[in-house]
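Novice: I'm passing along my_file33.cif; it holds mmCIF, C-alpha atoms and all ligand atoms.
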data_protein
#
loop_
_atom_site.group_PDB
_atom_site.id
_atom_site.type_symbol
_atom_site.label_atom_id
_atom_site.label_comp_id
_atom_site.auth_asym_id
_atom_site.auth_seq_id
_atom_site.Cartn_x
_atom_site.Cartn_y
_atom_site.Cartn_z
ATOM 1 C CA MET A 8 0.000 0.000 0.000
ATOM 2 C CA THR A 9 1.053 3.593 -0.662
ATOM 3 C CA PRO A 10 -0.418 6.881 0.625
ATOM 4 C CA HIS A 11 -2.731 7.006 -2.407
ATOM 5 C CA ILE A 12 -3.232 3.396 -3.536
ATOM 6 C CA GLU A 13 -4.641 0.671 -1.291
ATOM 7 C CA ALA A 14 -4.031 -2.268 -3.664
ATOM 8 C CA ASN A 15 -1.736 -5.118 -2.683
ATOM 9 C CA LYS A 16 1.407 -5.237 -4.775
ATOM 10 C CA GLU A 17 0.342 -8.406 -6.598
ATOM 11 C CA ASP A 18 -3.018 -6.847 -7.515
ATOM 12 C CA ILE A 19 -1.452 -4.452 -10.025
ATOM 13 C CA ALA A 20 -0.383 -5.759 -13.456
ATOM 14 C CA LYS A 21 2.936 -4.898 -15.123
ATOM 15 C CA THR A 22 1.085 -2.808 -17.712
ATOM 16 C CA VAL A 23 -1.299 -0.035 -16.703
ATOM 17 C CA ILE A 24 -3.679 1.774 -19.048
ATOM 18 C CA MET A 25 -4.401 5.177 -17.580
ATOM 19 C CA PRO A 26 -7.341 7.377 -18.592
ATOM 20 C CA GLY A 27 -7.691 10.697 -16.765
ATOM 21 C CA ASP A 28 -11.215 9.918 -15.608
ATOM 22 C CA PRO A 29 -11.579 7.103 -13.052
ATOM 23 C CA LEU A 30 -15.097 6.415 -14.377
ATOM 24 C CA ARG A 31 -13.529 5.680 -17.748
ATOM 25 C CA ALA A 32 -11.315 3.107 -16.039
ATOM 26 C CA LYS A 33 -14.507 1.552 -14.654
ATOM 27 C CA PHE A 34 -16.077 1.618 -18.135
ATOM 28 C CA ILE A 35 -13.053 -0.168 -19.645
ATOM 29 C CA ALA A 36 -13.022 -2.788 -16.894
ATOM 30 C CA GLU A 37 -16.752 -3.465 -17.233
ATOM 31 C CA ASN A 38 -16.813 -3.583 -21.023
ATOM 32 C CA TYR A 39 -13.498 -5.077 -22.065
ATOM 33 C CA LEU A 40 -11.918 -7.068 -19.233
ATOM 34 C CA GLU A 41 -12.645 -10.576 -17.954
ATOM 35 C CA ASP A 42 -12.575 -11.220 -14.206
ATOM 36 C CA ALA A 43 -11.974 -7.542 -13.471
ATOM 37 C CA LYS A 44 -11.347 -6.868 -9.794
ATOM 38 C CA LEU A 45 -11.578 -3.421 -8.196
ATOM 39 C CA VAL A 46 -8.179 -2.936 -6.548
ATOM 40 C CA ASN A 47 -8.220 0.752 -5.593
ATOM 41 C CA GLN A 48 -10.867 3.236 -4.603
ATOM 42 C CA VAL A 49 -8.914 5.653 -2.438
ATOM 43 C CA ARG A 50 -10.183 9.176 -3.363
ATOM 44 C CA GLY A 51 -12.431 7.512 -5.961
ATOM 45 C CA MET A 52 -9.423 6.905 -8.195
ATOM 46 C CA PHE A 53 -10.666 3.511 -9.353
ATOM 47 C CA ALA A 54 -8.202 0.865 -10.480
ATOM 48 C CA TYR A 55 -9.259 -2.501 -11.862
ATOM 49 C CA THR A 56 -7.102 -5.463 -12.756
ATOM 50 C CA GLY A 57 -8.390 -8.117 -15.123
ATOM 51 C CA MET A 58 -7.680 -10.082 -18.259
ATOM 52 C CA TYR A 59 -7.822 -8.821 -21.823
ATOM 53 C CA LYS A 60 -7.591 -11.841 -24.174
ATOM 54 C CA ASP A 61 -5.387 -13.750 -21.707
ATOM 55 C CA HIS A 62 -3.167 -10.774 -20.913
ATOM 56 C CA ARG A 63 -3.263 -9.286 -17.447
ATOM 57 C CA VAL A 64 -3.749 -5.523 -17.359
ATOM 58 C CA THR A 65 -4.642 -2.808 -14.853
ATOM 59 C CA VAL A 66 -6.758 0.208 -15.784
ATOM 60 C CA MET A 67 -6.581 3.136 -13.405
ATOM 61 C CA GLY A 68 -7.604 6.813 -13.465
ATOM 62 C CA SER A 69 -4.841 9.411 -13.242
ATOM 63 C CA GLY A 70 -6.926 12.450 -12.354
ATOM 64 C CA MET A 71 -6.364 15.776 -14.108
ATOM 65 C CA GLY A 72 -3.047 17.581 -14.300
ATOM 66 C CA MET A 73 0.599 16.835 -13.680
ATOM 67 C CA PRO A 74 0.528 16.774 -9.865
ATOM 68 C CA SER A 75 -2.158 14.086 -9.948
ATOM 69 C CA ILE A 76 -0.690 11.807 -12.635
ATOM 70 C CA GLY A 77 2.717 12.500 -11.089
ATOM 71 C CA ILE A 78 1.654 10.935 -7.788
ATOM 72 C CA TYR A 79 -0.099 7.885 -9.222
ATOM 73 C CA SER A 80 2.470 7.059 -11.881
ATOM 74 C CA TYR A 81 5.365 7.416 -9.424
ATOM 75 C CA GLU A 82 3.743 5.051 -6.930
ATOM 76 C CA LEU A 83 2.813 2.544 -9.645
ATOM 77 C CA TYR A 84 6.332 2.452 -11.087
ATOM 78 C CA LYS A 85 8.229 2.567 -7.830
ATOM 79 C CA GLU A 86 6.091 0.710 -5.297
ATOM 80 C CA TYR A 87 4.092 -1.624 -7.563
ATOM 81 C CA ASP A 88 6.905 -2.485 -10.005
ATOM 82 C CA VAL A 89 4.812 -1.449 -13.011
ATOM 83 C CA ASP A 90 6.890 -1.629 -16.211
ATOM 84 C CA GLN A 91 4.787 0.510 -18.532
ATOM 85 C CA ILE A 92 1.965 2.993 -18.421
ATOM 86 C CA ILE A 93 -0.073 3.898 -21.486
ATOM 87 C CA ARG A 94 -1.984 7.108 -20.864
ATOM 88 C CA ILE A 95 -5.174 7.550 -22.886
ATOM 89 C CA GLY A 96 -6.678 11.016 -22.877
ATOM 90 C CA THR A 97 -8.225 13.876 -24.765
ATOM 91 C CA ALA A 98 -6.542 16.968 -26.178
ATOM 92 C CA GLY A 99 -7.354 20.352 -27.638
ATOM 93 C CA ALA A 100 -5.924 20.900 -31.126
ATOM 94 C CA TYR A 101 -3.629 23.874 -31.786
ATOM 95 C CA THR A 102 -4.071 23.638 -35.578
ATOM 96 C CA LYS A 103 -7.037 23.591 -37.918
ATOM 97 C CA ASP A 104 -5.364 20.664 -39.690
ATOM 98 C CA LEU A 105 -6.492 18.328 -36.916
ATOM 99 C CA ASN A 106 -10.112 17.180 -36.853
ATOM 100 C CA LEU A 107 -12.249 16.225 -33.893
ATOM 101 C CA TYR A 108 -11.628 12.561 -32.966
ATOM 102 C CA ASP A 109 -8.225 12.381 -34.681
ATOM 103 C CA LEU A 110 -5.966 9.999 -32.803
ATOM 104 C CA LEU A 111 -2.482 11.181 -31.770
ATOM 105 C CA LEU A 112 0.488 9.175 -30.572
ATOM 106 C CA VAL A 113 2.623 11.513 -28.483
ATOM 107 C CA GLN A 114 6.284 11.290 -29.392
ATOM 108 C CA LYS A 115 7.397 14.391 -27.500
ATOM 109 C CA CYS A 116 5.815 16.854 -25.173
ATOM 110 C CA PHE A 117 6.819 20.377 -24.356
ATOM 111 C CA SER A 118 5.969 22.044 -21.070
ATOM 112 C CA GLU A 119 6.776 25.219 -19.171
ATOM 113 C CA SER A 120 5.797 23.313 -16.018
ATOM 114 C CA SER A 121 8.110 23.247 -13.007
ATOM 115 C CA TYR A 122 7.343 19.532 -12.494
ATOM 116 C CA GLY A 123 10.763 18.276 -13.604
ATOM 117 C CA ARG A 124 12.672 21.008 -11.793
ATOM 118 C CA SER A 125 10.790 20.343 -8.563
ATOM 119 C CA GLN A 126 11.085 16.580 -8.905
ATOM 120 C CA ASN A 127 14.814 16.216 -9.593
ATOM 121 C CA GLY A 128 16.208 19.545 -10.777
ATOM 122 C CA SER A 129 15.668 18.715 -14.468
ATOM 123 C CA GLU A 130 15.589 21.798 -16.702
ATOM 124 C CA GLU A 131 14.390 19.845 -19.761
ATOM 125 C CA MET A 132 11.312 21.401 -21.295
ATOM 126 C CA MET A 133 10.795 18.608 -23.816
ATOM 127 C CA LYS A 134 10.198 15.015 -22.702
ATOM 128 C CA GLU A 135 9.921 11.892 -24.838
ATOM 129 C CA SER A 136 7.747 8.803 -24.713
ATOM 130 C CA ASP A 137 9.226 5.304 -25.000
ATOM 131 C CA PHE A 138 10.366 4.243 -28.460
ATOM 132 C CA SER A 139 9.605 0.505 -28.119
ATOM 133 C CA LEU A 140 6.190 1.085 -26.585
ATOM 134 C CA ASN A 141 5.376 3.470 -29.423
ATOM 135 C CA PHE A 142 6.539 0.871 -31.920
ATOM 136 C CA HIS A 143 4.056 -1.669 -30.498
ATOM 137 C CA ILE A 144 1.261 0.914 -30.482
ATOM 138 C CA GLN A 145 1.939 1.685 -34.155
ATOM 139 C CA GLU A 146 2.035 -2.023 -34.954
ATOM 140 C CA ALA A 147 -1.347 -2.562 -33.268
ATOM 141 C CA ALA A 148 -2.785 0.533 -34.977
ATOM 142 C CA SER A 149 -1.787 -0.667 -38.415
ATOM 143 C CA GLU A 150 -3.311 -4.118 -37.750
ATOM 144 C CA LEU A 151 -6.552 -2.483 -36.611
ATOM 145 C CA GLY A 152 -6.515 -0.081 -39.568
ATOM 146 C CA LYS A 153 -6.511 2.954 -37.288
ATOM 147 C CA HIS A 154 -4.686 6.082 -38.419
ATOM 148 C CA LEU A 155 -2.295 7.666 -35.932
ATOM 149 C CA THR A 156 -0.752 11.122 -36.115
ATOM 150 C CA ILE A 157 2.675 11.079 -34.488
ATOM 151 C CA ALA A 158 2.830 14.315 -32.564
ATOM 152 C CA THR A 159 4.691 16.745 -30.387
ATOM 153 C CA ILE A 160 2.183 18.160 -27.938
ATOM 154 C CA HIS A 161 1.985 20.717 -25.152
ATOM 155 C CA SER A 162 1.428 19.659 -21.535
ATOM 156 C CA SER A 163 -0.060 22.623 -19.729
ATOM 157 C CA ASP A 164 -0.572 23.384 -16.046
ATOM 158 C CA VAL A 165 -3.485 25.695 -16.791
ATOM 159 C CA PHE A 166 -6.785 24.945 -18.512
ATOM 160 C CA TYR A 167 -8.425 28.366 -18.189
ATOM 161 C CA LYS A 168 -5.991 30.990 -19.483
ATOM 162 C CA GLU A 169 -6.578 34.726 -19.656
ATOM 163 C CA ASN A 170 -4.109 34.977 -22.562
ATOM 164 C CA ASP A 171 -3.522 31.784 -24.499
ATOM 165 C CA ASN A 172 -0.222 31.757 -26.417
ATOM 166 C CA PHE A 173 -0.968 28.514 -28.252
ATOM 167 C CA GLN A 174 -0.049 29.874 -31.724
ATOM 168 C CA GLU A 175 3.451 30.580 -30.413
ATOM 169 C CA LEU A 176 3.801 27.038 -29.027
ATOM 170 C CA TYR A 177 2.600 25.644 -32.347
ATOM 171 C CA GLN A 178 5.107 27.730 -34.326
ATOM 172 C CA LYS A 179 8.083 27.551 -31.988
ATOM 173 C CA TYR A 180 7.930 23.945 -30.770
ATOM 174 C CA GLY A 181 5.565 22.313 -33.263
ATOM 175 C CA CYS A 182 3.006 21.508 -30.557
ATOM 176 C CA LEU A 183 -0.075 20.166 -32.359
ATOM 177 C CA ALA A 184 -2.347 19.878 -29.343
ATOM 178 C CA CYS A 185 -2.646 20.427 -25.616
ATOM 179 C CA GLU A 186 -3.321 18.220 -22.621
ATOM 180 C CA MET A 187 -2.188 18.364 -19.009
ATOM 181 C CA GLU A 188 -0.474 15.134 -17.965
ATOM 182 C CA SER A 189 2.121 13.627 -20.348
ATOM 183 C CA PHE A 190 5.081 15.702 -19.222
ATOM 184 C CA ALA A 191 4.952 14.414 -15.629
ATOM 185 C CA LEU A 192 4.311 10.847 -16.760
ATOM 186 C CA PHE A 193 7.261 10.849 -19.181
ATOM 187 C CA HIS A 194 9.479 12.506 -16.573
ATOM 188 C CA ASN A 195 8.674 9.881 -13.926
ATOM 189 C CA ALA A 196 9.233 7.043 -16.394
ATOM 190 C CA LYS A 197 12.661 8.428 -17.252
ATOM 191 C CA VAL A 198 13.689 8.995 -13.633
ATOM 192 C CA LEU A 199 12.641 5.491 -12.627
ATOM 193 C CA GLY A 200 13.915 3.665 -15.742
ATOM 194 C CA LYS A 201 10.394 2.675 -16.887
ATOM 195 C CA LYS A 202 8.294 3.053 -20.040
ATOM 196 C CA ALA A 203 5.492 5.477 -20.819
ATOM 197 C CA ALA A 204 3.380 6.269 -23.843
ATOM 198 C CA CYS A 205 0.384 8.473 -24.512
ATOM 199 C CA LEU A 206 -2.521 8.244 -26.928
ATOM 200 C CA LEU A 207 -4.804 11.244 -27.310
ATOM 201 C CA THR A 208 -8.119 11.807 -29.042
ATOM 202 C CA ILE A 209 -8.850 15.360 -30.186
ATOM 203 C CA SER A 210 -11.888 16.555 -28.211
ATOM 204 C CA ASP A 211 -11.804 20.225 -29.164
ATOM 205 C CA ASN A 212 -10.033 22.606 -31.501
ATOM 206 C CA LEU A 213 -8.728 25.925 -30.194
ATOM 207 C CA VAL A 214 -8.486 27.398 -33.724
ATOM 208 C CA THR A 215 -11.873 26.442 -35.152
ATOM 209 C CA LYS A 216 -13.586 26.352 -31.703
ATOM 210 C CA GLU A 217 -15.218 23.018 -32.564
ATOM 211 C CA GLU A 218 -15.992 20.826 -29.557
ATOM 212 C CA THR A 219 -17.336 17.352 -28.918
ATOM 213 C CA THR A 220 -20.128 16.529 -26.507
ATOM 214 C CA SER A 221 -19.460 14.110 -23.687
ATOM 215 C CA ILE A 222 -21.903 11.599 -25.219
ATOM 216 C CA GLU A 223 -20.092 11.671 -28.586
ATOM 217 C CA ARG A 224 -16.738 11.378 -26.815
ATOM 218 C CA GLN A 225 -17.744 8.165 -25.082
ATOM 219 C CA THR A 226 -18.058 6.361 -28.436
ATOM 220 C CA ALA A 227 -15.060 7.977 -30.061
ATOM 221 C CA LEU A 228 -12.843 7.011 -27.185
ATOM 222 C CA LYS A 229 -13.586 3.347 -27.885
ATOM 223 C CA ASP A 230 -11.097 3.427 -30.779
ATOM 224 C CA MET A 231 -8.349 4.607 -28.461
ATOM 225 C CA ILE A 232 -9.293 2.135 -25.715
ATOM 226 C CA GLU A 233 -9.214 -0.774 -28.161
ATOM 227 C CA LEU A 234 -5.851 0.315 -29.524
ATOM 228 C CA ALA A 235 -4.339 0.523 -26.027
ATOM 229 C CA LEU A 236 -5.722 -2.899 -25.120
ATOM 230 C CA GLU A 237 -4.526 -4.522 -28.344
ATOM 231 C CA THR A 238 -1.074 -3.058 -27.678
ATOM 232 C CA VAL A 239 -0.968 -4.933 -24.363
ATOM 233 C CA LEU A 240 -1.063 -8.204 -26.337
ATOM 234 C CA LYS A 241 2.251 -7.256 -27.948
ATOM 235 C CA LEU A 242 4.177 -6.499 -24.761
HETATM 236 N N1 LIG A 301 -6.465 22.122 -22.887
HETATM 237 C C1 LIG A 301 -5.941 21.290 -21.989
HETATM 238 N N2 LIG A 301 -6.307 20.034 -21.867
HETATM 239 C C2 LIG A 301 -7.247 19.576 -22.698
HETATM 240 C C3 LIG A 301 -7.823 20.393 -23.651
HETATM 241 C C4 LIG A 301 -7.404 21.726 -23.749
HETATM 242 O O1 LIG A 301 -7.877 22.507 -24.587
HETATM 243 N N3 LIG A 301 -8.740 19.643 -24.319
HETATM 244 C C5 LIG A 301 -8.712 18.411 -23.776
HETATM 245 N N4 LIG A 301 -7.805 18.364 -22.796
#
Let's see the structure in the file written out as structure tokens.
Specialist:
Amino acid sequence: MTPHIEANKEDIAKTVIMPGDPLRAKFIAENYLEDAKLVNQVRGMFAYTGMYKDHRVTVMGSGMGMPSIGIYSYELYKEYDVDQIIRIGTAGAYTKDLNLYDLLLVQKCFSESSYGRSQNGSEEMMKESDFSLNFHIQEAASELGKHLTIATIHSSDVFYKENDNFQELYQKYGCLACEMESFALFHNAKVLGKKAACLLTISDNLVTKEETTSIERQTALKDMIELALETVLKL
């Protein structure tokens, strides 16, 4: 047990799929896993471990933002010996060239966050996901016929901004979209010698102002869930 996770060590699988929303973890467990067992409910951050086509996997919510995913991913890697975490989330597009529901595989993420500096003095503002994990995700995507955009994205600490400088981040760093968690996840994986990847579905577009409804999102996210689960079979 850790301060934030009540599961026994053996109750967590080596691979964790991590949506932001704990209710999405519940949805995945109930709709895709066999013999799913609820292994954490501290602070309502549900984690379930079960079988997907004979492969053991844990699905657990990360909460929103870097402090939250930073806590859960650190404890999973360090105290539960998790080898890899695949985050699945939504993102706001910084370019009109991305459509709602496009699926991104995050190769790099830029952030102005102090997460790395506070955690271990790292001044890096660009973090990378794991090459081999990304390879398996791309392999699974091509077998499923799902198109992936390989992307650099922006991990932000702030959702509601008085002055959004997203055009500058798009031009200067090539950030195609924004979310709020990858940077801390990739940092923790690097510090602890583990693997992390991130799949994102575009839920809104900051240029065109298009947005999805939560009902529509539920269906669209199925593509991303299935891709993450099929990737587990390759690990
Ligand atoms: N900003 C940050 N995180 C997000 C967004 C956004 O516009 N859309 C979905 N997650």
Novice: Have a look at A:Arg63, A:Lys216, A:Lys85, A:Arg50 and name the one nearest to ligand LIG 301 (chain A); count all atoms listed in the file.
Specialist: A:Lys216
Novice: Residues within 8 Å of ligand LIG 301 (chain A) (all atoms listed in the file), as a list in words?
Specialist: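 Counting only what the definition allows, namely all atoms listed in the file, the set is Gly96, Thr97, Ala98, Gly99, Ala100, Ser162, Ser163, Val165, Phe166, Ala184, Cys185, Glu186, Met187, Ile209, Ser210, Asp211, Asn212 and Leu213 of chain A.
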Novice: For this structure, which residues satisfy the selection - the PyMOL selection byres (((chain A and resi 200) around 12) and not hetatm) - when it is evaluated on the file as given? I want them as number ranges by chain.
Specialist: A: 81, 84-85, 88-91, 137, 193-199, 201-203
Novice: For the point (-4.3, 5.8, -14.4) in the file's frame, write as a PyMOL selection string all residues with an atom no more than 6 Å away, counting only C-alpha atoms.
Specialist: chain A and resi 25-26+67-69
Novice: Give me the residues within 10 Å of Leu30 (chain A) as a ChimeraX atom specification, counting all atoms listed in the file and dropping any in the same chain fewer than 2 places off.
Specialist: /A:26-28,32-36,51-54,67-68
Novice: Which residues fall under the PyMOL selection byres (((chain A and resi 110) around 9) and not hetatm) in this file, as an NGL selection string?
Specialist: :A and (107-109 or 111-112 or 153-157 or 206-209 or 230-231)
Novice: Give as a list in words the residues that the PyMOL selection byres (((chain A and resi 15) around 12) and not hetatm) matches when applied to the coordinates above.
Specialist: Met8, Thr9, Ile12, Glu13, Ala14, Lys16, Glu17, Asp18, Ile19, Ala20, Leu45, Val46, Asn47, Ala54, Thr56, Leu83, Glu86, Tyr87 and Asp88 of chain A
Novice: Which of these, A:Ile144, A:Leu105, A:Cys116, A:Leu40, has the shortest distance to Val214 (chain A) once you count all atoms listed in the file?
Specialist: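 Closest candidate: A:Leu105.
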Novice: When you write region 121-233 of chain A out from the block above, keep C-alpha atoms and present the result as a JSON list (two decimals), in the first residue's frame, please.
Specialist:
[["chain", "number", "residue", "atom", "x", "y", "z"],
["A", 121, "SER", "CA", 8.11, 23.25, -13.01],
["A", 122, "TYR", "CA", 7.34, 19.53, -12.49],
["A", 123, "GLY", "CA", 10.76, 18.28, -13.60],
["A", 124, "ARG", "CA", 12.67, 21.01, -11.79],
["A", 125, "SER", "CA", 10.79, 20.34, -8.56],
["A", 126, "GLN", "CA", 11.08, 16.58, -8.91],
["A", 127, "ASN", "CA", 14.81, 16.22, -9.59],
["A", 128, "GLY", "CA", 16.21, 19.54, -10.78],
["A", 129, "SER", "CA", 15.67, 18.72, -14.47],
["A", 130, "GLU", "CA", 15.59, 21.80, -16.70],
["A", 131, "GLU", "CA", 14.39, 19.84, -19.76],
["A", 132, "MET", "CA", 11.31, 21.40, -21.29],
["A", 133, "MET", "CA", 10.80, 18.61, -23.82],
["A", 134, "LYS", "CA", 10.20, 15.01, -22.70],
["A", 135, "GLU", "CA", 9.92, 11.89, -24.84],
["A", 136, "SER", "CA", 7.75, 8.80, -24.71],
["A", 137, "ASP", "CA", 9.23, 5.30, -25.00],
["A", 138, "PHE", "CA", 10.37, 4.24, -28.46],
["A", 139, "SER", "CA", 9.61, 0.50, -28.12],
["A", 140, "LEU", "CA", 6.19, 1.09, -26.59],
["A", 141, "ASN", "CA", 5.38, 3.47, -29.42],
["A", 142, "PHE", "CA", 6.54, 0.87, -31.92],
["A", 143, "HIS", "CA", 4.06, -1.67, -30.50],
["A", 144, "ILE", "CA", 1.26, 0.91, -30.48],
["A", 145, "GLN", "CA", 1.94, 1.69, -34.16],
["A", 146, "GLU", "CA", 2.04, -2.02, -34.95],
["A", 147, "ALA", "CA", -1.35, -2.56, -33.27],
["A", 148, "ALA", "CA", -2.79, 0.53, -34.98],
["A", 149, "SER", "CA", -1.79, -0.67, -38.42],
["A", 150, "GLU", "CA", -3.31, -4.12, -37.75],
["A", 151, "LEU", "CA", -6.55, -2.48, -36.61],
["A", 152, "GLY", "CA", -6.51, -0.08, -39.57],
["A", 153, "LYS", "CA", -6.51, 2.95, -37.29],
["A", 154, "HIS", "CA", -4.69, 6.08, -38.42],
["A", 155, "LEU", "CA", -2.29, 7.67, -35.93],
["A", 156, "THR", "CA", -0.75, 11.12, -36.11],
["A", 157, "ILE", "CA", 2.68, 11.08, -34.49],
["A", 158, "ALA", "CA", 2.83, 14.32, -32.56],
["A", 159, "THR", "CA", 4.69, 16.75, -30.39],
["A", 160, "ILE", "CA", 2.18, 18.16, -27.94],
["A", 161, "HIS", "CA", 1.99, 20.72, -25.15],
["A", 162, "SER", "CA", 1.43, 19.66, -21.53],
["A", 163, "SER", "CA", -0.06, 22.62, -19.73],
["A", 164, "ASP", "CA", -0.57, 23.38, -16.05],
["A", 165, "VAL", "CA", -3.49, 25.70, -16.79],
["A", 166, "PHE", "CA", -6.78, 24.95, -18.51],
["A", 167, "TYR", "CA", -8.43, 28.37, -18.19],
["A", 168, "LYS", "CA", -5.99, 30.99, -19.48],
["A", 169, "GLU", "CA", -6.58, 34.73, -19.66],
["A", 170, "ASN", "CA", -4.11, 34.98, -22.56],
["A", 171, "ASP", "CA", -3.52, 31.78, -24.50],
["A", 172, "ASN", "CA", -0.22, 31.76, -26.42],
["A", 173, "PHE", "CA", -0.97, 28.51, -28.25],
["A", 174, "GLN", "CA", -0.05, 29.87, -31.72],
["A", 175, "GLU", "CA", 3.45, 30.58, -30.41],
["A", 176, "LEU", "CA", 3.80, 27.04, -29.03],
["A", 177, "TYR", "CA", 2.60, 25.64, -32.35],
["A", 178, "GLN", "CA", 5.11, 27.73, -34.33],
["A", 179, "LYS", "CA", 8.08, 27.55, -31.99],
["A", 180, "TYR", "CA", 7.93, 23.95, -30.77],
["A", 181, "GLY", "CA", 5.56, 22.31, -33.26],
["A", 182, "CYS", "CA", 3.01, 21.51, -30.56],
["A", 183, "LEU", "CA", -0.08, 20.17, -32.36],
["A", 184, "ALA", "CA", -2.35, 19.88, -29.34],
["A", 185, "CYS", "CA", -2.65, 20.43, -25.62],
["A", 186, "GLU", "CA", -3.32, 18.22, -22.62],
["A", 187, "MET", "CA", -2.19, 18.36, -19.01],
["A", 188, "GLU", "CA", -0.47, 15.13, -17.97],
["A", 189, "SER", "CA", 2.12, 13.63, -20.35],
["A", 190, "PHE", "CA", 5.08, 15.70, -19.22],
["A", 191, "ALA", "CA", 4.95, 14.41, -15.63],
["A", 192, "LEU", "CA", 4.31, 10.85, -16.76],
["A", 193, "PHE", "CA", 7.26, 10.85, -19.18],
["A", 194, "HIS", "CA", 9.48, 12.51, -16.57],
["A", 195, "ASN", "CA", 8.67, 9.88, -13.93],
["A", 196, "ALA", "CA", 9.23, 7.04, -16.39],
["A", 197, "LYS", "CA", 12.66, 8.43, -17.25],
["A", 198, "VAL", "CA", 13.69, 9.00, -13.63],
["A", 199, "LEU", "CA", 12.64, 5.49, -12.63],
["A", 200, "GLY", "CA", 13.91, 3.67, -15.74],
["A", 201, "LYS", "CA", 10.39, 2.67, -16.89],
["A", 202, "LYS", "CA", 8.29, 3.05, -20.04],
["A", 203, "ALA", "CA", 5.49, 5.48, -20.82],
["A", 204, "ALA", "CA", 3.38, 6.27, -23.84],
["A", 205, "CYS", "CA", 0.38, 8.47, -24.51],
["A", 206, "LEU", "CA", -2.52, 8.24, -26.93],
["A", 207, "LEU", "CA", -4.80, 11.24, -27.31],
["A", 208, "THR", "CA", -8.12, 11.81, -29.04],
["A", 209, "ILE", "CA", -8.85, 15.36, -30.19],
["A", 210, "SER", "CA", -11.89, 16.56, -28.21],
["A", 211, "ASP", "CA", -11.80, 20.22, -29.16],
["A", 212, "ASN", "CA", -10.03, 22.61, -31.50],
["A", 213, "LEU", "CA", -8.73, 25.92, -30.19],
["A", 214, "VAL", "CA", -8.49, 27.40, -33.72],
["A", 215, "THR", "CA", -11.87, 26.44, -35.15],
["A", 216, "LYS", "CA", -13.59, 26.35, -31.70],
["A", 217, "GLU", "CA", -15.22, 23.02, -32.56],
["A", 218, "GLU", "CA", -15.99, 20.83, -29.56],
["A", 219, "THR", "CA", -17.34, 17.35, -28.92],
["A", 220, "THR", "CA", -20.13, 16.53, -26.51],
["A", 221, "SER", "CA", -19.46, 14.11, -23.69],
["A", 222, "ILE", "CA", -21.90, 11.60, -25.22],
["A", 223, "GLU", "CA", -20.09, 11.67, -28.59],
["A", 224, "ARG", "CA", -16.74, 11.38, -26.82],
["A", 225, "GLN", "CA", -17.74, 8.17, -25.08],
["A", 226, "THR", "CA", -18.06, 6.36, -28.44],
["A", 227, "ALA", "CA", -15.06, 7.98, -30.06],
["A", 228, "LEU", "CA", -12.84, 7.01, -27.19],
["A", 229, "LYS", "CA", -13.59, 3.35, -27.88],
["A", 230, "ASP", "CA", -11.10, 3.43, -30.78],
["A", 231, "MET", "CA", -8.35, 4.61, -28.46],
["A", 232, "ILE", "CA", -9.29, 2.13, -25.71],
["A", 233, "GLU", "CA", -9.21, -0.77, -28.16]]
